[in-house]
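Trainee: So here's work00.cif (mmCIF, C-alpha atoms and all ligand atoms).
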data_work
loop_
_atom_site.group_PDB
_atom_site.id
_atom_site.type_symbol
_atom_site.label_atom_id
_atom_site.label_comp_id
_atom_site.auth_asym_id
_atom_site.auth_seq_id
_atom_site.Cartn_x
_atom_site.Cartn_y
_atom_site.Cartn_z
ATOM 1 C CA MET H 920 0.000 0.000 0.000
ATOM 2 C CA GLU H 921 1.291 3.450 -0.909
ATOM 3 C CA TYR H 922 0.696 6.569 1.165
ATOM 4 C CA ILE H 923 0.130 10.204 0.275
ATOM 5 C CA LYS H 924 -0.390 13.360 2.325
ATOM 6 C CA ARG H 925 -3.115 15.941 1.786
ATOM 7 C CA LYS H 926 -3.538 19.520 2.942
ATOM 8 C CA SER H 927 -7.260 19.221 3.716
ATOM 9 C CA LEU H 928 -9.884 16.490 4.022
ATOM 10 C CA LEU H 929 -13.445 17.762 4.509
ATOM 11 C CA TYR H 930 -14.926 19.696 1.599
ATOM 12 C CA LYS H 931 -18.324 21.130 0.627
ATOM 13 C CA SER H 932 -20.030 18.733 -1.739
ATOM 14 C CA GLY H 933 -22.665 20.830 -3.491
ATOM 15 C CA VAL H 934 -25.272 18.014 -3.317
ATOM 16 C CA GLU H 935 -28.350 18.256 -1.156
ATOM 17 C CA TYR H 936 -28.240 14.776 0.453
ATOM 18 C CA ALA H 937 -24.776 15.289 2.040
ATOM 19 C CA ASP H 938 -23.383 18.791 2.357
ATOM 20 C CA TYR H 939 -19.801 17.635 3.015
ATOM 21 C CA GLY H 940 -17.601 14.848 1.674
ATOM 22 C CA LEU H 941 -14.226 13.322 2.379
ATOM 23 C CA ASN H 942 -11.915 11.021 0.417
ATOM 24 C CA HIS H 943 -9.225 9.431 2.545
ATOM 25 C CA VAL H 944 -7.928 7.243 -0.299
ATOM 26 C CA GLU H 945 -6.710 8.047 -3.821
ATOM 27 C CA GLY H 946 -7.800 5.435 -6.388
ATOM 28 C CA CYS H 947 -9.978 2.339 -5.990
ATOM 29 C CA SER H 948 -9.147 -1.342 -6.402
ATOM 30 C CA HIS H 949 -12.753 -2.146 -7.370
ATOM 31 C CA GLY H 950 -11.779 -0.851 -10.805
ATOM 32 C CA CYS H 951 -15.308 -0.405 -12.150
ATOM 33 C CA ASN H 952 -15.310 0.093 -15.880
ATOM 34 C CA PHE H 953 -18.758 1.589 -16.536
ATOM 35 C CA PRO H 954 -16.469 3.691 -16.621
ATOM 36 C CA CYS H 955 -15.890 5.036 -13.097
ATOM 37 C CA TYR H 956 -16.709 8.748 -12.924
ATOM 38 C CA ALA H 957 -14.091 9.381 -10.205
ATOM 39 C CA PHE H 958 -11.389 7.775 -12.356
ATOM 40 C CA MET H 959 -12.411 9.870 -15.376
ATOM 41 C CA ILE H 960 -12.180 13.084 -13.352
ATOM 42 C CA LYS H 961 -8.825 12.189 -11.773
ATOM 43 C CA LYS H 962 -7.424 11.236 -15.189
ATOM 44 C CA ARG H 963 -8.685 14.455 -16.752
ATOM 45 C CA CYS H 964 -7.034 16.468 -13.967
ATOM 46 C CA GLY H 965 -3.769 14.559 -14.410
ATOM 47 C CA VAL H 966 -3.823 13.172 -10.841
ATOM 48 C CA VAL H 967 -3.925 9.585 -12.107
ATOM 49 C CA LYS H 968 -2.442 8.578 -15.441
ATOM 50 C CA THR H 969 -3.682 5.048 -16.113
ATOM 51 C CA TYR H 970 -6.330 2.544 -15.036
ATOM 52 C CA GLN H 971 -3.545 0.364 -13.589
ATOM 53 C CA GLU H 972 -2.490 3.270 -11.385
ATOM 54 C CA TRP H 973 -6.124 3.943 -10.369
ATOM 55 C CA ILE H 974 -6.684 0.388 -9.111
ATOM 56 C CA GLN H 975 -3.681 0.595 -6.768
ATOM 57 C CA PRO H 976 -5.124 2.732 -3.986
ATOM 58 C CA LYS H 977 -3.025 5.134 -1.923
ATOM 59 C CA ILE H 978 -4.016 5.947 1.645
ATOM 60 C CA VAL H 979 -4.090 9.550 2.858
ATOM 61 C CA GLU H 980 -1.831 8.943 5.840
ATOM 62 C CA ASN H 981 -2.655 12.211 7.602
ATOM 63 C CA ALA H 982 -6.458 11.812 7.240
ATOM 64 C CA LEU H 983 -7.106 11.531 10.996
ATOM 65 C CA GLU H 984 -4.880 14.492 11.843
ATOM 66 C CA LEU H 985 -6.699 16.589 9.248
ATOM 67 C CA LEU H 986 -10.057 15.518 10.654
ATOM 68 C CA ASP H 987 -8.942 16.443 14.171
ATOM 69 C CA ALA H 988 -7.916 19.882 12.925
ATOM 70 C CA GLU H 989 -10.983 20.548 10.727
ATOM 71 C CA LEU H 990 -13.868 19.111 12.750
ATOM 72 C CA PRO H 991 -13.818 21.650 15.623
ATOM 73 C CA LYS H 992 -14.336 24.466 13.095
ATOM 74 C CA LEU H 993 -16.923 22.700 10.944
ATOM 75 C CA LYS H 994 -18.877 20.304 13.177
ATOM 76 C CA ASP H 995 -21.718 22.735 13.919
ATOM 77 C CA LYS H 996 -22.202 23.547 10.222
ATOM 78 C CA ILE H 997 -22.081 20.012 8.820
ATOM 79 C CA LYS H 998 -25.382 18.176 8.309
ATOM 80 C CA CYS H 999 -23.898 15.037 6.791
ATOM 81 C CA VAL H 1000 -20.527 13.794 5.525
ATOM 82 C CA PHE H 1001 -20.543 11.501 2.468
ATOM 83 C CA LEU H 1002 -17.995 8.658 2.305
ATOM 84 C CA CYS H 1003 -16.983 8.752 -0.487
ATOM 85 C CA PHE H 1004 -17.647 10.552 -3.756
ATOM 86 C CA MET H 1005 -14.217 9.727 -5.262
ATOM 87 C CA THR H 1006 -13.232 6.339 -3.843
ATOM 88 C CA ASP H 1007 -14.719 3.392 -1.905
ATOM 89 C CA PRO H 1008 -14.398 3.485 1.905
ATOM 90 C CA PHE H 1009 -14.713 -0.305 2.370
ATOM 91 C CA MET H 1010 -12.677 -1.551 -0.577
ATOM 92 C CA TYR H 1011 -12.854 -5.335 -0.791
ATOM 93 C CA LYS H 1012 -9.877 -7.145 0.766
ATOM 94 C CA GLN H 1013 -8.160 -3.897 1.742
ATOM 95 C CA PRO H 1014 -7.955 -4.177 5.565
ATOM 96 C CA GLU H 1015 -5.869 -1.018 5.975
ATOM 97 C CA ILE H 1016 -8.509 1.057 4.232
ATOM 98 C CA THR H 1017 -11.296 -0.551 6.271
ATOM 99 C CA ASP H 1018 -9.365 0.169 9.456
ATOM 100 C CA LEU H 1019 -8.882 3.851 8.580
ATOM 101 C CA THR H 1020 -12.551 4.240 7.547
ATOM 102 C CA LEU H 1021 -13.665 2.793 10.902
ATOM 103 C CA LYS H 1022 -11.425 5.264 12.732
ATOM 104 C CA ILE H 1023 -12.845 8.133 10.682
ATOM 105 C CA LEU H 1024 -16.437 7.054 11.421
ATOM 106 C CA ALA H 1025 -15.604 6.806 15.129
ATOM 107 C CA ARG H 1026 -14.078 10.292 15.039
ATOM 108 C CA LEU H 1027 -17.153 11.716 13.289
ATOM 109 C CA LYS H 1028 -19.394 10.056 15.852
ATOM 110 C CA GLN H 1029 -17.342 11.577 18.662
ATOM 111 C CA ASP H 1030 -18.437 15.021 17.401
ATOM 112 C CA ASP H 1031 -21.974 13.794 16.674
ATOM 113 C CA VAL H 1032 -21.559 14.239 12.912
ATOM 114 C CA LYS H 1033 -23.798 12.082 10.714
ATOM 115 C CA SER H 1034 -22.327 10.105 7.801
ATOM 116 C CA THR H 1035 -23.799 8.593 4.672
ATOM 117 C CA VAL H 1036 -21.690 5.747 3.348
ATOM 118 C CA ILE H 1037 -21.704 3.907 0.010
ATOM 119 C CA SER H 1038 -19.609 0.870 -0.837
ATOM 120 C CA LYS H 1039 -19.225 -2.073 -3.181
ATOM 121 C CA GLY H 1040 -17.252 -3.822 -0.442
ATOM 122 C CA ILE H 1041 -18.428 -5.661 2.666
ATOM 123 C CA TYR H 1042 -19.545 -3.728 5.716
ATOM 124 C CA PRO H 1043 -17.587 -5.045 8.711
ATOM 125 C CA LYS H 1044 -19.101 -6.093 12.057
ATOM 126 C CA GLU H 1045 -17.059 -3.359 13.778
ATOM 127 C CA LEU H 1046 -19.638 -0.811 12.601
ATOM 128 C CA LEU H 1047 -21.792 -2.159 15.413
ATOM 129 C CA ASP H 1048 -19.165 -1.399 18.071
ATOM 130 C CA LYS H 1049 -20.278 1.212 20.559
ATOM 131 C CA SER H 1050 -17.530 3.658 19.558
ATOM 132 C CA ILE H 1051 -18.723 3.713 15.918
ATOM 133 C CA TYR H 1052 -22.423 2.780 15.981
ATOM 134 C CA ASN H 1053 -24.397 5.848 15.004
ATOM 135 C CA GLU H 1054 -28.120 5.367 14.470
ATOM 136 C CA ASN H 1055 -28.217 8.512 12.329
ATOM 137 C CA ASN H 1056 -25.788 7.121 9.746
ATOM 138 C CA ASP H 1057 -26.980 5.611 6.442
ATOM 139 C CA TYR H 1058 -25.129 2.664 4.918
ATOM 140 C CA GLY H 1059 -25.612 1.932 1.238
ATOM 141 C CA SER H 1060 -24.495 -0.670 -1.238
ATOM 142 C CA THR H 1061 -24.530 -0.504 -5.021
ATOM 143 C CA ILE H 1062 -26.547 -3.443 -6.346
ATOM 144 C CA VAL H 1063 -27.454 -3.269 -10.031
ATOM 145 C CA SER H 1064 -27.439 -6.996 -10.771
ATOM 146 C CA LEU H 1065 -27.376 -10.314 -8.929
ATOM 147 C CA SER H 1066 -25.172 -11.777 -11.650
ATOM 148 C CA GLU H 1067 -21.614 -12.578 -10.595
ATOM 149 C CA ASP H 1068 -20.653 -12.659 -14.296
ATOM 150 C CA TYR H 1069 -21.848 -9.076 -14.559
ATOM 151 C CA ARG H 1070 -19.906 -8.072 -11.417
ATOM 152 C CA LYS H 1071 -16.687 -9.697 -12.606
ATOM 153 C CA LYS H 1072 -16.941 -7.910 -15.937
ATOM 154 C CA PHE H 1073 -17.949 -4.415 -14.802
ATOM 155 C CA GLU H 1074 -16.876 -4.189 -11.131
ATOM 156 C CA PRO H 1075 -13.959 -6.647 -11.207
ATOM 157 C CA GLY H 1076 -12.368 -5.875 -7.838
ATOM 158 C CA SER H 1077 -15.582 -5.470 -5.840
ATOM 159 C CA ALA H 1078 -17.059 -7.888 -3.289
ATOM 160 C CA PRO H 1079 -19.387 -10.729 -4.341
ATOM 161 C CA ILE H 1080 -22.941 -9.425 -4.478
ATOM 162 C CA LYS H 1081 -24.472 -11.935 -2.036
ATOM 163 C CA GLU H 1082 -21.834 -11.020 0.555
ATOM 164 C CA ARG H 1083 -22.569 -7.297 0.126
ATOM 165 C CA ILE H 1084 -26.277 -7.880 0.685
ATOM 166 C CA LYS H 1085 -25.643 -10.140 3.689
ATOM 167 C CA ALA H 1086 -23.431 -7.517 5.346
ATOM 168 C CA LEU H 1087 -25.960 -4.763 4.631
ATOM 169 C CA LYS H 1088 -28.740 -6.885 6.141
ATOM 170 C CA ARG H 1089 -26.633 -7.368 9.287
ATOM 171 C CA LEU H 1090 -26.523 -3.582 9.720
ATOM 172 C CA HIS H 1091 -30.266 -3.350 9.084
ATOM 173 C CA ASN H 1092 -30.945 -6.082 11.658
ATOM 174 C CA ALA H 1093 -28.867 -4.121 14.167
ATOM 175 C CA GLY H 1094 -31.123 -1.087 13.736
ATOM 176 C CA LEU H 1095 -29.022 0.971 11.318
ATOM 177 C CA LYS H 1096 -30.491 2.714 8.274
ATOM 178 C CA THR H 1097 -29.602 1.034 4.991
ATOM 179 C CA TRP H 1098 -30.059 1.906 1.330
ATOM 180 C CA VAL H 1099 -29.273 0.545 -2.097
ATOM 181 C CA SER H 1100 -28.033 2.382 -5.144
ATOM 182 C CA MET H 1101 -29.303 0.770 -8.358
ATOM 183 C CA GLU H 1102 -27.110 2.931 -10.527
ATOM 184 C CA PRO H 1103 -25.853 2.603 -13.227
ATOM 185 C CA TYR H 1104 -28.668 0.158 -14.047
ATOM 186 C CA PRO H 1105 -27.738 -2.005 -17.083
ATOM 187 C CA THR H 1106 -29.921 -2.386 -20.178
ATOM 188 C CA PRO H 1107 -30.957 -5.841 -21.525
ATOM 189 C CA ASN H 1108 -28.273 -5.775 -24.243
ATOM 190 C CA ILE H 1109 -25.740 -5.932 -21.370
ATOM 191 C CA VAL H 1110 -27.440 -8.314 -18.952
ATOM 192 C CA LYS H 1111 -30.789 -10.025 -19.196
ATOM 193 C CA GLN H 1112 -32.267 -9.944 -15.722
ATOM 194 C CA ASP H 1113 -35.480 -9.475 -13.828
ATOM 195 C CA VAL H 1114 -35.517 -6.255 -11.802
ATOM 196 C CA ARG H 1115 -38.020 -7.921 -9.427
ATOM 197 C CA GLU H 1116 -35.355 -10.423 -8.306
ATOM 198 C CA ILE H 1117 -32.998 -7.585 -7.353
ATOM 199 C CA LEU H 1118 -35.702 -5.630 -5.549
ATOM 200 C CA LYS H 1119 -36.784 -8.765 -3.661
ATOM 201 C CA ALA H 1120 -33.181 -9.369 -2.527
ATOM 202 C CA VAL H 1121 -32.851 -5.853 -1.096
ATOM 203 C CA SER H 1122 -36.435 -5.293 0.060
ATOM 204 C CA PHE H 1123 -35.296 -4.812 3.705
ATOM 205 C CA VAL H 1124 -33.604 -1.458 2.992
ATOM 206 C CA ASP H 1125 -34.985 1.954 3.957
ATOM 207 C CA LYS H 1126 -34.264 3.633 0.628
ATOM 208 C CA ILE H 1127 -33.604 2.768 -3.018
ATOM 209 C CA VAL H 1128 -31.902 5.105 -5.482
ATOM 210 C CA PHE H 1129 -32.400 4.200 -9.145
ATOM 211 C CA GLY H 1130 -30.518 5.700 -12.078
ATOM 212 C CA LYS H 1131 -29.693 5.050 -15.701
ATOM 213 C CA TRP H 1132 -26.288 4.161 -17.039
ATOM 214 C CA ASN H 1133 -24.408 7.075 -18.608
ATOM 215 C CA TYR H 1134 -21.152 7.341 -20.553
ATOM 216 C CA ASN H 1135 -21.399 3.993 -22.357
ATOM 217 C CA LYS H 1136 -22.061 3.394 -26.066
ATOM 218 C CA ARG H 1137 -23.836 0.105 -25.431
ATOM 219 C CA ILE H 1138 -26.660 1.901 -23.639
ATOM 220 C CA SER H 1139 -27.493 4.016 -26.676
ATOM 221 C CA ALA H 1140 -27.251 0.841 -28.790
ATOM 222 C CA GLN H 1141 -30.117 -0.662 -26.771
ATOM 223 C CA PRO H 1142 -33.329 -0.210 -28.806
ATOM 224 C CA SER H 1143 -35.878 1.905 -26.901
ATOM 225 C CA SER H 1144 -33.555 2.523 -23.972
ATOM 226 C CA LYS H 1145 -35.711 5.487 -22.927
ATOM 227 C CA ASN H 1146 -38.791 3.285 -22.675
ATOM 228 C CA PHE H 1147 -36.756 0.684 -20.829
ATOM 229 C CA TYR H 1148 -35.609 3.156 -18.181
ATOM 230 C CA ASN H 1149 -39.090 4.663 -17.860
ATOM 231 C CA SER H 1150 -40.481 1.210 -17.216
ATOM 232 C CA MET H 1151 -37.801 0.121 -14.763
ATOM 233 C CA ALA H 1152 -38.086 3.405 -12.857
ATOM 234 C CA GLY H 1153 -41.848 2.982 -12.793
ATOM 235 C CA TYR H 1154 -41.473 -0.500 -11.377
ATOM 236 C CA VAL H 1155 -39.051 0.673 -8.682
ATOM 237 C CA ILE H 1156 -41.480 3.450 -7.693
ATOM 238 C CA ASP H 1157 -44.396 1.026 -7.541
ATOM 239 C CA PHE H 1158 -42.367 -1.518 -5.506
ATOM 240 C CA CYS H 1159 -41.220 1.137 -3.022
ATOM 241 C CA ASN H 1160 -44.653 2.715 -2.663
ATOM 242 C CA LYS H 1161 -46.230 -0.665 -1.841
ATOM 243 C CA ARG H 1162 -43.639 -1.384 0.853
ATOM 244 C CA GLY H 1163 -43.176 2.056 2.335
ATOM 245 C CA ILE H 1164 -39.572 2.241 1.097
ATOM 246 C CA GLU H 1165 -38.237 5.704 0.346
ATOM 247 C CA TYR H 1166 -37.005 6.103 -3.236
ATOM 248 C CA HIS H 1167 -35.155 8.556 -5.417
ATOM 249 C CA ILE H 1168 -35.035 8.384 -9.209
ATOM 250 C CA LYS H 1169 -31.913 10.123 -10.505
ATOM 251 C CA ASP H 1170 -32.381 13.063 -12.864
ATOM 252 C CA GLY H 1171 -32.444 12.092 -16.533
ATOM 253 C CA THR H 1172 -33.582 8.499 -15.876
ATOM 254 C CA ILE H 1173 -37.248 9.141 -16.646
ATOM 255 C CA SER H 1174 -37.815 10.792 -20.035
ATOM 256 C CA GLU H 1175 -40.113 13.757 -19.898
ATOM 257 C CA GLY H 1176 -43.628 13.232 -21.160
ATOM 258 C CA CYS H 1177 -43.343 9.432 -21.074
ATOM 259 C CA LEU H 1178 -43.979 8.477 -17.491
ATOM 260 C CA SER H 1179 -44.684 10.572 -14.488
ATOM 261 C CA GLU H 1180 -43.787 9.415 -11.008
ATOM 262 C CA GLU H 1181 -47.492 9.330 -10.156
ATOM 263 C CA LYS H 1182 -48.649 7.312 -13.147
ATOM 264 C CA VAL H 1183 -46.984 3.959 -13.637
ATOM 265 C CA ASN H 1184 -47.780 2.323 -16.978
ATOM 266 C CA LYS H 1185 -48.424 -1.291 -15.967
ATOM 267 C CA ASP H 1186 -48.594 -2.724 -19.516
ATOM 268 C CA GLN H 1187 -45.282 -1.156 -20.435
ATOM 269 C CA ILE H 1188 -43.667 -2.443 -17.247
ATOM 270 C CA ASP H 1189 -44.988 -5.983 -17.785
ATOM 271 C CA PHE H 1190 -43.699 -5.922 -21.349
ATOM 272 C CA TYR H 1191 -40.206 -5.018 -20.221
ATOM 273 C CA LEU H 1192 -40.190 -7.396 -17.295
ATOM 274 C CA LYS H 1193 -40.976 -10.252 -19.694
ATOM 275 C CA SER H 1194 -38.563 -9.147 -22.407
ATOM 276 C CA THR H 1195 -35.606 -8.609 -20.087
ATOM 277 C CA GLN H 1196 -35.699 -11.905 -18.215
ATOM 278 C CA SER H 1197 -33.206 -14.543 -19.270
ATOM 279 C CA THR H 1198 -34.885 -17.372 -21.138
ATOM 280 C CA SER H 1199 -33.885 -20.305 -18.921
ATOM 281 C CA SER H 1200 -34.970 -19.056 -15.502
ATOM 282 C CA SER H 1201 -35.174 -15.914 -13.410
ATOM 283 C CA LYS H 1202 -31.358 -16.082 -13.064
ATOM 284 C CA ALA H 1203 -29.566 -13.069 -14.542
ATOM 285 C CA MET H 1204 -27.559 -13.708 -17.697
ATOM 286 C CA LEU H 1205 -24.749 -11.599 -19.120
ATOM 287 C CA VAL H 1206 -25.202 -10.816 -22.829
HETATM 288 S S1 LIG A 1 -16.333 1.466 -6.425
HETATM 289 FE FE1 LIG A 1 -16.825 3.575 -6.990
HETATM 290 S S2 LIG A 1 -14.887 4.679 -6.876
HETATM 291 FE FE2 LIG A 1 -14.402 2.512 -6.914
HETATM 292 S S3 LIG A 1 -13.984 2.082 -9.081
HETATM 293 FE FE3 LIG A 1 -16.146 1.575 -8.638
HETATM 294 S S4 LIG A 1 -17.303 3.426 -9.181
HETATM 295 FE FE4 LIG A 1 -15.120 4.005 -8.993
#
Could you write out this structure as structure tokens?
Mentor:
Amino acid sequence: MEYIKRKSLLYKSGVEYADYGLNHVEGCSHGCNFPCYAFMIKKRCGVVKTYQEWIQPKIVENALELLDAELPKLKDKIKCVFLCFMTDPFMYKQPEITDLTLKILARLKQDDVKSTVISKGIYPKELLDKSIYNENNDYGSTIVSLSEDYRKKFEPGSAPIKERIKALKRLHNAGLKTWVSMEPYPTPNIVKQDVREILKAVSFVDKIVFGKWNYNKRISAQPSSKNFYNSMAGYVIDFCNKRGIEYHIKDGTISEGCLSEEKVNKDQIDFYLKSTQSTSSSKAMLV
């Protein structure tokens, strides 16, 4: 593991769901190739030169010192800190990163600062320790498919999907708030799958965020991709409404004039549910 030093850690995010963010690692061994937005930005800015460099994470060795220096000034202003916009705080099989993330969450709790966390790794049991457990925190996992073939192709370094869900459920069972990000959701020309199977697997969560896949030519090659996303979003809304799950559909996922959040077109949804299932069973199948 390599180490770097930074001059500051907490920064204003500009998004409404978490007004501050922090990134205590540079790079990410999950190596998502949707492509990863964080990697694209870092490459454009010249911070990281290649994908190979990106997937070898570097720890910000002075992260805790920076937090100690910045929190006293900012703690009363901060509503929520997001971990992380530009890396993954629980990178799979990276114990040093997990250890530092746990220390950061404990430090935030010490000053009663709420965190929202997202990961494609496995949430560790230590999150339930008294020094870290914060009932105000939200823990999310990105689950866009139950197919391991899909994961290995598009999120090659991430944790197996079943393990992610199991770890998220453990947090839910312990009384913590959990959520799932279904973004970037793949079209049927990438993986044939039944969205109902995914929703069923994560139906214990408090919130679902659904969003289309951007920055990939294969999405525009999918015939009627707009109708597909309208239908899938409609199904997510319907599923969440029936179960009292909070939801958020990302901007640009629903095409204007096609489907409103109030009116779900059942025929259209049924059509897509049938046409996107794999032929053999309800098991997802990479195309
Ligand atoms: S887990 Fe997030 S930060 Fe890491 S490579 Fe994937 S999209 Fe990028």
Trainee: Show me, as number ranges by chain, the residues that have an atom within 10 Å of Phe958 (chain H) when counting all atoms listed in the file, minus same-chain residues fewer than 3 positions from it.
Mentor: H: 945-947, 950-952, 954-955, 961-964, 966-970, 973-974, 1005-1006
Trainee: Convert the output of the PyMOL selection byres (((chain H and resi 1165) around 8) and not hetatm) on the shown file into explicit residues, formatted as a PyMOL selection string.
Mentor: chain H and resi 1125-1127+1159-1160+1163-1164+1166-1167
Trainee: I need the residue nearest Ser1060 (chain H) from this list: H:Val1099, H:Leu1027, H:Ala1086, H:Leu1046. Use all atoms listed in the file for the distance.
Mentor: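 Distance minimum relative to Ser1060 (chain H) lands on H:Val1099.
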Trainee: Quick one: residues within 8 Å of Ile1117 (chain H), all atoms listed in the file, excluding same-chain residues fewer than 6 positions away - as a ChimeraX atom specification?
Mentor: /H:1062-1065
Trainee: May I have a table of the residues of region 1009-1028 of chain H lying at most 12 Å from region 924-944 of chain H, giving each one's closest pair of atoms and their distance in Å to one decimal, counting all atoms listed in the file, ordered by chain and ascending residue number, as a tab-separated table?
Mentor:
residue	atom	partner	partner_atom	distance
H:Phe1009	CA	H:Val944	CA	10.5
H:Met1010	CA	H:Val944	CA	10.0
H:Gln1013	CA	H:Val944	CA	11.3
H:Glu1015	CA	H:Val944	CA	10.6
H:Ile1016	CA	H:Val944	CA	7.7
H:Thr1017	CA	H:Val944	CA	10.7
H:Asp1018	CA	H:His943	CA	11.6
H:Leu1019	CA	H:His943	CA	8.2
H:Thr1020	CA	H:His943	CA	7.9
H:Leu1021	CA	H:His943	CA	11.6
H:Lys1022	CA	H:His943	CA	11.2
H:Ile1023	CA	H:His943	CA	9.0
H:Leu1024	CA	H:Leu941	CA	11.2
H:Leu1027	CA	H:Leu929	CA	11.3
Trainee: Around the point (-30.2, 6.7, -8.0) in the file's coordinates, collect all residues with an atom within 8 Å, using only C-alpha atoms, and return them as a PyMOL selection string.
Mentor: chain H and resi 1100-1103+1127-1131+1167-1169
Trainee: Return the padded bounding box of ligand LIG 1 (chain A) as lines of an AutoDock Vina configuration file: axis-aligned, built from all atoms listed in the file, 6 Å added on each side, with centre and edge lengths in Å to one decimal.
Mentor:
center_x = -15.6
center_y = 3.1
center_z = -7.8
size_x = 15.3
size_y = 15.2
size_z = 14.8
Trainee: Figure out the distance between CA of Asp1007 (chain H) and atom FE1 of ligand LIG 1 (chain A), please, to one decimal in Å.
Mentor: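 For atom FE1 of ligand LIG 1 (chain A) relative to CA of Asp1007 (chain H), the distance reads 5.5 Å.
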Trainee: If we count only C-alpha atoms and set the cut-off at 12 Å, which residues sit around region 1090-1096 of chain H, ignoring sequence neighbours fewer than 3 positions away in its own chain? Please answer as number ranges by chain.
Mentor: H: 1033-1036, 1041-1049, 1051-1060, 1083-1087, 1099, 1121-1127, 1164-1165
